[in-house]
Amino acid sequence: MKIDSGLFEYNVRNVTSEIQPCCGGPGGWHHDNVYARTCITVSCGACMTEIQEVSVLIGGRAGDGINSAGALVAQLLNHLGYRIYLDFDYPSLIRGGHNFAIIRGSEHEVGTCREKLDFILALNQETVDRHRDQVHAGTAIIFNADLARSDGQGISIKNILTSEKAPEIMGNSAIIGGFAKAAGIEWVIVETVFRRHIPKGMDLNLSVARRAYDQLTVVRRIEPCNNPPLPLLNGNEAIGLGLVRGGLEAYVSYPMTPSSGLLHFLAGENEKLGIMVVHPENEIAVILMALGFAYGGKRAAVGTSGGGFCLMTEGLSLAGMAEIPLVLVVSQRTGPSTGLPTYTGQSELQFVLHAGQGEYPRLVVAPGDAQEALFWSAIAMDIAWKFQVPAFILPDKTLSEGTYSVDTGGITVPVTKAAPFWDKKPPYRRYADTPSGVSPLAFPGAKDAVVKVNSYAHDASGYTTEEAGMVTLMTDKRLRKDEELITGMNGYPQVNVHGSAEAPVAILCWGSTKGVCSEAGVKLGLRVVQPVVIAPFPVTPLKEALAETKTIICVEENATAQLAALARQHGIIPDAKVLRYDGRPFTYESLCARLKEVIP
Amino acid sequence: MKIDSGLFEYNVRNVTSEIQPCCGGPGGWHHDNVYARTCITVSCGACMTEIQEVSVLIGGRAGDGINSAGALVAQLLNHLGYRIYLDFDYPSLIRGGHNFAIIRGSEHEVGTCREKLDFILALNQETVDRHRDQVHAGTAIIFNADLARSDGQGISIKNILTSEKAPEIMGNSAIIGGFAKAAGIEWVIVETVFRRHIPKGMDLNLSVARRAYDQLTVVRRIEPCNNPPLPLLNGNEAIGLGLVRGGLEAYVSYPMTPSSGLLHFLAGENEKLGIMVVHPENEIAVILMALGFAYGGKRAAVGTSGGGFCLMTEGLSLAGMAEIPLVLVVSQRTGPSTGLPTYTGQSELQFVLHAGQGEYPRLVVAPGDAQEALFWSAIAMDIAWKFQVPAFILPDKTLSEGTYSVDTGGITVPVTKAAPFWDKKPPYRRYADTPSGVSPLAFPGAKDAVVKVNSYAHDASGYTTEEAGMVTLMTDKRLRKDEELITGMNGYPQVNVHGSAEAPVAILCWGSTKGVCSEAGVKLGLRVVQPVVIAPFPVTPLKEALAETKTIICVEENATAQLAALARQHGIIPDAKVLRYDGRPFTYESLCARLKEVIP
Amino acid sequence: MTGRELITDVQNTWCPGCGNFTIQHTLKKILAEMETAGRSLDDVVLVSGIGCHAKIADYLNINTFYSLHGRTIPVATGIKLANPDLTVICCCGDGDCYAEGLDHLIFAAKRNVDITVIVHNNRVYGLTTGQYTPTSPLGFRGKSTPSGTAEFPLNPLELMLASGATYIARGYTKKMDQLRALLQGGIAHRGFSFIDVLQICATFFPAADYYTPRVYDPADHDPTSFDHACVLAREWDYNSDARIPLGVLYTATFPCFGERMATKGVTAGEREEAVRQILASRI
Amino acid sequence: MTGRELITDVQNTWCPGCGNFTIQHTLKKILAEMETAGRSLDDVVLVSGIGCHAKIADYLNINTFYSLHGRTIPVATGIKLANPDLTVICCCGDGDCYAEGLDHLIFAAKRNVDITVIVHNNRVYGLTTGQYTPTSPLGFRGKSTPSGTAEFPLNPLELMLASGATYIARGYTKKMDQLRALLQGGIAHRGFSFIDVLQICATFFPAADYYTPRVYDPADHDPTSFDHACVLAREWDYNSDARIPLGVLYTATFPCFGERMATKGVTAGEREEAVRQILASRI
Ligand SMILES: Cc1ncc(C[n+]2csc(CCOP(=O)(O)OP(=O)(O)O)c2C)c(N)n1
Ligand SMILES: Cc1ncc(C[n+]2csc(CCOP(=O)(O)OP(=O)(O)O)c2C)c(N)n1
Ligand code: SF4
Ligand code: SF4
Ligand SMILES: [Mg+2]
Ligand SMILES: [Mg+2]
């Protein structure tokens, strides 16, 4: 698929999950785990080809470094040719408590977890106990024999660390080494992955891992697949890189889970990327500073979660009125209020659509995985500047902190910075009325341009007005941009279809549930329709994607079915809804069960 | 109409505009000005009885005291037995600029202005010039001859003031005296009104007025009507008194037009009313302080406009999560952003419905005039406490700053403070799960109660939880309150019908356009349906009110038809929309003309 | 409730070695003493922000308002105005109350609101895993500033002196007895009390080795001397190497906001009559 | 643009006698001089809040960002970071920048952001028709406090001294020549400049009769003396009767935030290469 938006060329691969089906038959991406018999291969629902697949859980206390250990496991599978999805589950505390990561590898693209596990790597007893009902007949358990008792193979991490004189934090390397052996992964792969991904003390880590590797025996071999390894990115990193490709020059943010990872990532890479990263006193300062950057001519983005976004709504309305381009990343977690800071949710859709007093156009995109996040974040930045509107990227904790394989093959975003610039003929009028509603841009410092932006109702030059006719004219000008935006967005793949594209029963979903809905759709023979663009609402492509459905089932991770309400407003009437709002993402199994209850 | 909500008894008179029609015929409230022939009487559209009616404009510069002068004119008409509507139009500045008030008096209840004027009282030339196209054949113009030239009768205000050694600000009394004479109003009425409504220097003001009175001749006599005078209140004052009747104990607010009048009013009367009025450092402090009051057991309300409300959204979500009762008055003005601070708009409906991260029930009421504001503000406070939810009152500049006759006959609100209180049997659990979702209230200081409120997901005692089952349980509990609220609201007149209740073409409107829509509805034979409760959306009563309509026309003072979108979401599909968004309220004439374009 | 268990059953999730344990333990002791002295703990309210510090709301078995990041103080002000008989204590973080909600702190001091603000000043955002705060030293490498911050820290004591606070103190979680006296003094003080507590964050700002040799109790300091309080407040600027004075730096006596704001109560009947009068005056 | 008309055609709506005219006139003169001295006015940006003061954005024919109530300073910070070559001036109100957005003021001082903040301190909310502000005296009867406020004013100079501002001055709209020197000095200063201007509000706070006999220029004050600056700042507390020192109270030289934050620019190619490297490192 090749998109020529007039702005830049973009070779899109897989962004709409157009995965080659194994059999070429209908339904695209099919696989289903058949745990009882064989756990590592799964069969494609359409052609019954066995495809390879594995799920690994690693668990321990907060502070044990579970997230990094999970990332190493993911890289091992990645280097075996698996496509990866990693979900990291942790409570809001710094030490203690139960943390775990589930790493799922599959021959095909994957974006959700399975409940049943093929491997459990337990750093403590709690991990063994908590995940008991996720084992199947063939689950291999590798545990820290110093702290836990279990079936499976134990390793005395303490002994290994003592022999190697290694610090406590290297315990994870032992468990990973043990896992590698149990899974029959060649040592050379372990070595490669450690060398590439352990920043400090790599040799010692390798020795620790090797000791465990040598102690254990192969119990469930994970066969390599035929894919090359791919970059593994979490959603926040993908958004960051997408923004950079969209021309980001300044990122302004105040820490708030689950958006903080984006701040940390860009702050860490800022010199390499040549961007400025600012963490000011609070979210109000964040958005106003970002608007200062944009007025000064620099492409800026902000990031936060719901509570911080509340504090940005006044600045948002200013951006709308003053027509200052801005990208806002609002990563959702369970609300209301402080809620569950480290758990997921999809309850900010309507808030983001209507936030800020008054009416003005905005772009809202909700990518479904890291690959879409990379793609759409670049687009969001470009649209924000082309139309001088606020553009939202709306991930959730699942996407922001989940890790995915990202296929960047052929993806190039030659950013043109193609915003409409002033022709340098004075007088400059910041809000010159044009057929499209979009006025030419100039920045302070430009010769002979007096650049006046204004939060009051204003005339073409930016001077305050209270005159009724001018107010109407300028409101119409701003709303015309919305019309233009609707047209402009037609050049992009706004609505994705997965599963059985012709099926009469459709799942309507958005954001990070893309992965789980796709799998469930394949399994149950459903059409899966996922609008990525939420505003302007892609009525026509969505109606096309839903054409000739008999039943529409909304699947959302909120309690009131917000996309369903939005769809109804546009004449699309969902028949049923499947909602989850306990902060945990749907699993494939739970979603299938819930869907079966409502499929007619 | 008598409402027994289980909470208190309330004799409702006129709150649904159930005005006695002159003829008893269909359509209720009918009158239409026939300017060409006779300007002060109008004829009832149904029975052709002539009903009395008059429109007066007074204009001058900011700082001339136009608002108070308009209020005096309104009182003169009030004492003649007219029902009043006064609209005050002013730009955002302190001195200079053009201010004017239009006072309309009618034998029947009235809530909007006419374009044509029977009297123009011009303190300066600008007033004469600007309102030229609002005169008709019989308009009487009284002007300050020192500053303006015009047809009509001039008064040298300077001369009068000099003779009386009166200060400049008393010039208004001269013009009012002149008006009284020109309108044939008996001097005793002028004297009564001045004595009742001029706080300082009343005798001197009267002498000034008398001089003008004696200089002029009667040109258009305003005949008295048969009504007793009524209290004249603007919407902000009505809201204030309503809140007090609902048990208000603390009002917390930061000034912002058009809500500031409510702050000033309550601050001025606080000792009499025994309430605390606090003006803190900003709107964030406002809402958090108010939540502190409520937690401490005091009924609190906050007031602001869109921009200030933005800053309250995080606190709002806290109120939703922590189940702390609160009333929020959000008075709308033209947006986005600073917009037109002193002009009207209806663009905060969707924002208020969705503001704050996460999902939680809320009450939103949009009264249509001062009488409804008085009634519904008391109810909003009561509901907030009964259900422990945030309750919004959503006026706009037109209502907040417009003055109306308020018929308080028979209105008594015996506030029961009937919130569900703790039975004093420890342990106290702030979020005890109950069938209704509403938990018993206790306040710190209560013996043996440990009162824990929490912005995190929490258990019944208010302790933080991250446990999936508890999160679901508590979310369900909160959402059950919404169900209860829907049932609870059935006891109130949630949807008003005006105009021809059986007509196949209906206007769907909300808030302050009630007045103008009702008149236009009568004139054009339309049904006028006005939901006062916006959330929970009164689907059933609204569908009933709209039963058997062929065409629904949405009339709103915003650019995107927000109520229309909400209605569509609930299966009510408007066919056409008539929108105005230049900050000025619809006038009867402009609305009729626009309606005629879309009536099938 | 008398003789109550002061610590709840909620599982404590602070890191081993965290200074918050000290603050909690100190508060617990103070509460127990208050109760012994005849004060009902039903009349005590604790307001917390969001952060590691704020978890204390879950751990102490008293009335609590677990509020928002940065917003303890306006909540506490509202509670105190609603019911002047309550003892209102805020447990704030440094990110909380020196960054997100700094304005509220200054205004509470300006107004002399009769509440006690305890800042768990670990000089880092703990719960969000280690970013710099307004009191982190210049060049601090946190997650949002991996190559070091570009700004000097604020000196909260100086700010409080400039804002009108009437009880200003600094404590240290490794000096528990003194801390207890400081908090007790703050709670007893009528007016706005502020205690900046140097709280060890074992994970992200383990500064005990820095603090312990530098802290000292100034001899002969008269806390009613504003000028000398200023000198002491400036001795250490939260950045450069200097001795760190602990103790009560300043106290003064002024009417509280609540006293000045107090409105005489009216009966329901009087109120209804007032409404009627207002309506009548509008005819 | 050279030799430009500095005042726009927009109708001025300040009240007769308003001190804002003086500030506008002073800025106009300074701009004209800057231009004469070779500085292009294309490189000057004025950021205003919302209020009477803020209308200056409509009246001056230069780049302006007419922002939100209380939010000039973060906007100005963003602009300065975006383009360090610009001269960035904030015209703030006292309600604006001492109430609604006080935290931003303190943080800009702390960071030593190279902008100039001019506070039109009329000690009242002008545009919203006369409520008290943080610098109104105790007992001030405004529309929201008809029986008098219950709080002492803030002393903004003291706050700025406590926050790290490197240029602190006070002017008076009835002393135009001095005001010009103070603003000029602030604009010329590298670092955070703060000028509190006692601005007459003819309508709601006509305090000329109070100010004029009390203001004075301290003789021999060395503005690099922090201690003496403190003494002068405290001489008048915006409340009680005292002499009111005008002039530059304090100056100091420190690196600016912008310098510390500066990132080396990269080319589009280098950036794309960096992205590729990051992606490659994730395999
Ligand atoms: C408005 C808002 N912004 C950001 C956050 C995220 N957040 C939670 S705690 C915290 C920082 C806590 O730091 P501090 O106040 O110093 O407390 P500590 O954890 O160090 O005790 C932040 C930024 C939030 N909850 N709300
Ligand atoms: C968030 C927000 N709250 C309130 C207002 C209303 N408002 C506009 S100007 C103003 C006060 C202005 O006072 P000040 O800053 O002192 O300026 P002055 O008019 O005195 O120059 C207020 C409260 C607003 N525009 N935005
Ligand atoms: S991160 Fe620091 S402040 Fe938070 S619990 Fe751990 S040691 Fe305490
Ligand atoms: S109200 Fe005061 S500050 Fe505003 S324009 Fe008038 S005199 Fe100036
Ligand atoms: Mg901290
Ligand atoms: Mg002011």
# chains A, B, ... in the order shown; residues from 1 in each chain; ligands from 1
call {"tool": "residues_near_ligand", "arguments": {"ligand": "ligand 2", "cutoff": "6 Å", "atoms": "only C-alpha atoms and all ligand atoms", "output": "list in words"}}
result
Pro255, Met256, Gly307 and Gly308 of chain B; Ile50, Gly51, Cys52, His53, His69, Gly93, Asp94, Gly95, Asp96, Asn122, Val124, Tyr125, Gly126, Leu127 and Thr128 of chain D
call {"tool": "select_by_dssp", "arguments": {"residues": "segment 182-261 of chain A", "states": "strand (DSSP E or B)", "output": "PyMOL selection string"}}
result
chain A and resi 232-234+250-253
call {"tool": "write_last_selection", "arguments": {"atoms": "all heavy atoms", "output": "mmCIF file, in the first residue's frame"}}
result
data_model
loop_
_atom_site.group_PDB
_atom_site.id
_atom_site.type_symbol
_atom_site.label_atom_id
_atom_site.label_comp_id
_atom_site.auth_asym_id
_atom_site.auth_seq_id
_atom_site.Cartn_x
_atom_site.Cartn_y
_atom_site.Cartn_z
ATOM 1 N N LEU A 232 12.232 -4.222 18.554
ATOM 2 C CA LEU A 232 11.155 -4.293 19.543
ATOM 3 C C LEU A 232 11.008 -2.913 20.184
ATOM 4 O O LEU A 232 11.975 -2.368 20.725
ATOM 5 C CB LEU A 232 11.488 -5.322 20.625
ATOM 6 C CG LEU A 232 11.755 -6.755 20.157
ATOM 7 C CD1 LEU A 232 11.881 -7.682 21.375
ATOM 8 C CD2 LEU A 232 10.644 -7.254 19.233
ATOM 9 N N LEU A 233 9.829 -2.384 20.097
ATOM 10 C CA LEU A 233 9.578 -1.056 20.664
ATOM 11 C C LEU A 233 8.325 -1.104 21.504
ATOM 12 O O LEU A 233 7.367 -1.780 21.134
ATOM 13 C CB LEU A 233 9.323 -0.026 19.553
ATOM 14 C CG LEU A 233 10.437 0.401 18.619
ATOM 15 C CD1 LEU A 233 9.878 1.408 17.610
ATOM 16 C CD2 LEU A 233 11.576 1.042 19.408
ATOM 17 N N ASN A 234 8.309 -0.360 22.603
ATOM 18 C CA ASN A 234 7.018 -0.197 23.234
ATOM 19 C C ASN A 234 6.294 0.984 22.584
ATOM 20 O O ASN A 234 6.875 1.729 21.788
ATOM 21 C CB ASN A 234 7.129 -0.080 24.760
ATOM 22 C CG ASN A 234 7.776 1.207 25.227
ATOM 23 O OD1 ASN A 234 7.669 2.246 24.580
ATOM 24 N ND2 ASN A 234 8.462 1.131 26.361
ATOM 25 N N ALA A 250 10.629 19.919 19.874
ATOM 26 C CA ALA A 250 10.590 20.108 21.325
ATOM 27 C C ALA A 250 9.519 19.214 21.925
ATOM 28 O O ALA A 250 8.393 19.172 21.435
ATOM 29 C CB ALA A 250 10.298 21.566 21.674
ATOM 30 N N TYR A 251 9.880 18.503 22.972
ATOM 31 C CA TYR A 251 8.913 17.686 23.701
ATOM 32 C C TYR A 251 8.833 18.227 25.118
ATOM 33 O O TYR A 251 9.854 18.376 25.790
ATOM 34 C CB TYR A 251 9.340 16.213 23.710
ATOM 35 C CG TYR A 251 8.311 15.337 24.384
ATOM 36 C CD1 TYR A 251 7.081 15.095 23.774
ATOM 37 C CD2 TYR A 251 8.549 14.779 25.637
ATOM 38 C CE1 TYR A 251 6.117 14.309 24.396
ATOM 39 C CE2 TYR A 251 7.585 13.984 26.261
ATOM 40 C CZ TYR A 251 6.370 13.764 25.635
ATOM 41 O OH TYR A 251 5.412 12.992 26.246
ATOM 42 N N VAL A 252 7.626 18.550 25.535
ATOM 43 C CA VAL A 252 7.424 19.156 26.843
ATOM 44 C C VAL A 252 6.462 18.271 27.618
ATOM 45 O O VAL A 252 5.387 17.926 27.118
ATOM 46 C CB VAL A 252 6.846 20.582 26.711
ATOM 47 C CG1 VAL A 252 6.976 21.326 28.041
ATOM 48 C CG2 VAL A 252 7.531 21.372 25.603
ATOM 49 N N SER A 253 6.843 17.898 28.810
ATOM 50 C CA SER A 253 6.005 16.942 29.523
ATOM 51 C C SER A 253 6.296 16.969 31.009
ATOM 52 O O SER A 253 7.397 17.298 31.446
ATOM 53 C CB SER A 253 6.256 15.534 28.964
ATOM 54 O OG SER A 253 5.445 14.585 29.612
#
call {"tool": "interface_residues", "arguments": {"of": "chain C", "to": "chain D", "cutoff": "7 Å", "atoms": "only C-alpha atoms", "output": "MDAnalysis selection string"}}
result
chainID C and resid 102:103 110:111 150:152 154 158:159 162:163 257 260:261
call {"tool": "atom_distance", "arguments": {"atom1": "atom CA of Ala238 of chain B", "atom2": "atom CA of Ile393 of chain B"}}
result
11.7 Å
call {"tool": "atom_distance", "arguments": {"atom1": "atom CA of Val327 of chain A", "atom2": "atom CA of Ile383 of chain A"}}
result
9.3 Å
call {"tool": "residues_around", "arguments": {"residues": "Ile141 of chain B", "least_positions_apart": "5", "cutoff": "8 Å", "atoms": "only C-alpha atoms", "output": "ChimeraX atom specification"}}
result
/B:119-122,150-153
call {"tool": "atom_distance", "arguments": {"atom1": "atom CA of Ala564 of chain B", "atom2": "atom CA of Gly511 of chain A"}}
result
27.2 Å
call {"tool": "interface_residues", "arguments": {"of": "chain A", "to": "chain C", "cutoff": "7 Å", "atoms": "only C-alpha atoms", "output": "short mmCIF file (atom, residue, chain, number, x, y, z; two decimals) with N, CA, C and O atoms, in the first residue's frame"}}
result
data_model
loop_
_atom_site.label_atom_id
_atom_site.label_comp_id
_atom_site.auth_asym_id
_atom_site.auth_seq_id
_atom_site.Cartn_x
_atom_site.Cartn_y
_atom_site.Cartn_z
N LEU A 93 3.95 1.09 42.92
CA LEU A 93 4.86 1.18 44.05
C LEU A 93 6.26 0.93 43.53
O LEU A 93 6.46 0.57 42.37
N ILE A 94 7.26 1.16 44.40
CA ILE A 94 8.64 1.14 43.92
C ILE A 94 9.35 -0.17 44.23
O ILE A 94 10.11 -0.68 43.42
N ARG A 95 9.11 -0.72 45.39
CA ARG A 95 9.73 -2.01 45.74
C ARG A 95 8.68 -2.93 46.35
O ARG A 95 7.76 -2.47 47.00
N GLY A 96 8.87 -4.24 46.15
CA GLY A 96 7.89 -5.18 46.67
C GLY A 96 6.70 -5.24 45.73
O GLY A 96 6.75 -4.69 44.63
N PRO A 255 5.87 14.32 34.30
CA PRO A 255 5.73 12.86 34.39
C PRO A 255 4.33 12.43 34.82
O PRO A 255 3.77 13.00 35.75
N MET A 256 3.79 11.47 34.15
CA MET A 256 2.55 10.85 34.58
C MET A 256 2.41 9.51 33.87
O MET A 256 2.40 9.46 32.64
N LEU A 263 8.55 10.53 27.89
CA LEU A 263 9.43 11.60 28.38
C LEU A 263 10.83 11.06 28.61
O LEU A 263 11.83 11.65 28.18
N HIS A 264 10.90 9.92 29.28
CA HIS A 264 12.22 9.37 29.59
C HIS A 264 12.97 8.98 28.32
O HIS A 264 14.17 9.23 28.20
N ALA A 267 14.02 12.18 26.51
CA ALA A 267 15.06 12.87 27.28
C ALA A 267 16.39 12.14 27.13
O ALA A 267 17.46 12.76 27.06
N GLY A 268 16.32 10.83 27.04
CA GLY A 268 17.56 10.04 26.90
C GLY A 268 18.20 10.18 25.53
O GLY A 268 19.41 10.09 25.39
N HIS A 279 10.90 19.47 31.10
CA HIS A 279 9.98 18.98 32.14
C HIS A 279 9.72 20.16 33.08
O HIS A 279 10.51 20.42 33.96
N GLU A 281 7.17 22.87 35.61
CA GLU A 281 6.63 22.76 36.96
C GLU A 281 5.29 22.05 37.05
O GLU A 281 4.94 21.50 38.09
N ASN A 282 4.49 22.05 36.01
CA ASN A 282 3.21 21.33 36.02
C ASN A 282 2.65 21.29 34.61
O ASN A 282 3.23 21.86 33.68
#
call {"tool": "closest_atom_pairs", "arguments": {"of": "chain A", "to": "ligand 1", "cutoff": "9 Å", "atoms": "only C-alpha atoms and all ligand atoms", "output": "Markdown table"}}
result
| residue | atom | partner | partner_atom_place_in_ligand_line | distance |
| --- | --- | --- | --- | --- |
| A:Tyr254 | CA | ligand 1 | 4 (C) | 6.4 |
| A:Pro255 | CA | ligand 1 | 23 (C) | 4.9 |
| A:Met256 | CA | ligand 1 | 6 (C) | 4.0 |
| A:Thr257 | CA | ligand 1 | 6 (C) | 6.3 |
| A:Ser260 | CA | ligand 1 | 6 (C) | 8.7 |
| A:Asn282 | CA | ligand 1 | 3 (N) | 7.1 |
| A:Glu283 | CA | ligand 1 | 3 (N) | 6.8 |
| A:Thr304 | CA | ligand 1 | 3 (N) | 7.7 |
| A:Ser305 | CA | ligand 1 | 3 (N) | 7.8 |
| A:Gly306 | CA | ligand 1 | 1 (C) | 8.2 |
| A:Gly307 | CA | ligand 1 | 1 (C) | 4.9 |
| A:Gly308 | CA | ligand 1 | 1 (C) | 4.0 |
| A:Phe309 | CA | ligand 1 | 1 (C) | 7.6 |
| A:Cys310 | CA | ligand 1 | 1 (C) | 7.7 |
| A:Leu311 | CA | ligand 1 | 1 (C) | 7.0 |
| A:Ser337 | CA | ligand 1 | 25 (N) | 8.5 |
| A:Thr338 | CA | ligand 1 | 25 (N) | 6.1 |
| A:Pro341 | CA | ligand 1 | 25 (N) | 7.8 |
call {"tool": "closest_residue", "arguments": {"among": "B:Asn124, B:Asn144, B:Thr313, B:Gln134", "to": "chain A", "atoms": "only C-alpha atoms"}}
result
B:Thr313
call {"tool": "residues_around", "arguments": {"residues": "Ala140 of chain A", "least_positions_apart": "4", "cutoff": "12 Å", "atoms": "only C-alpha atoms", "output": "MDAnalysis selection string"}}
result
chainID A and resid 39:40 54:58 116:122 128 134:136 150:154 178:183 216:222
call {"tool": "residues_around", "arguments": {"residues": "Arg61 of chain A", "least_positions_apart": "6", "cutoff": "6 Å", "atoms": "only C-alpha atoms", "output": "PyMOL selection string"}}
result
chain A and resi 96-99
call {"tool": "residues_around", "arguments": {"residues": "segment 186-201 of chain D", "least_positions_apart": "3", "cutoff": "6 Å", "atoms": "only C-alpha atoms", "output": "VMD selection string"}}
result
chain D and resid 18 to 19 109 112 to 122 165 to 173 183 204 to 206 256
call {"tool": "residues_around", "arguments": {"residues": "Ala274 of chain D", "least_positions_apart": "6", "cutoff": "12 Å", "atoms": "only C-alpha atoms", "output": "list in words"}}
result
Leu241, Val244, Arg245, Glu269, Asn270, Glu271, Lys272, Leu273, Gly274 and Ile275 of chain A; Val266, Thr267, Ala268, Ala280 and Ser281 of chain D
call {"tool": "closest_residue", "arguments": {"among": "A:Pro336, A:Gly177, A:Gly63, A:Pro229", "to": "chain B", "atoms": "only C-alpha atoms"}}
result
A:Pro336
call {"tool": "closest_residue", "arguments": {"among": "B:Tyr343, B:Trp385, B:Tyr213, B:Tyr456", "to": "chain A", "atoms": "only C-alpha atoms"}}
result
B:Tyr456
call {"tool": "decode", "arguments": {"residues": "segment 463-474 of chain B", "atoms": "N, CA and C atoms", "output": "short mmCIF file (atom, residue, chain, number, x, y, z; two decimals), in the first residue's frame"}}
result
data_model
loop_
_atom_site.label_atom_id
_atom_site.label_comp_id
_atom_site.auth_asym_id
_atom_site.auth_seq_id
_atom_site.Cartn_x
_atom_site.Cartn_y
_atom_site.Cartn_z
N TYR B 463 -9.90 2.53 51.35
CA TYR B 463 -8.49 2.21 51.18
C TYR B 463 -8.20 1.94 49.71
N THR B 464 -7.02 2.36 49.28
CA THR B 464 -6.59 2.14 47.91
C THR B 464 -6.59 0.65 47.57
N THR B 465 -7.05 0.33 46.39
CA THR B 465 -6.97 -1.05 45.93
C THR B 465 -6.52 -1.06 44.49
N GLU B 466 -5.85 -2.14 44.11
CA GLU B 466 -5.51 -2.32 42.69
C GLU B 466 -6.08 -3.65 42.22
N GLU B 467 -6.95 -4.19 43.03
CA GLU B 467 -7.46 -5.53 42.79
C GLU B 467 -8.60 -5.45 41.77
N ALA B 468 -8.50 -6.25 40.72
CA ALA B 468 -9.43 -6.13 39.60
C ALA B 468 -10.89 -6.26 40.02
N GLY B 469 -11.19 -7.24 40.87
CA GLY B 469 -12.58 -7.46 41.25
C GLY B 469 -13.16 -6.27 42.00
N MET B 470 -12.37 -5.70 42.89
CA MET B 470 -12.85 -4.56 43.67
C MET B 470 -13.05 -3.33 42.76
N VAL B 471 -12.16 -3.20 41.82
CA VAL B 471 -12.29 -2.06 40.89
C VAL B 471 -13.61 -2.17 40.13
N THR B 472 -13.91 -3.34 39.64
CA THR B 472 -15.15 -3.55 38.90
C THR B 472 -16.35 -3.28 39.80
N LEU B 473 -16.29 -3.83 41.01
CA LEU B 473 -17.40 -3.67 41.94
C LEU B 473 -17.69 -2.20 42.22
N MET B 474 -16.64 -1.44 42.46
CA MET B 474 -16.82 -0.04 42.81
C MET B 474 -17.26 0.79 41.59
#
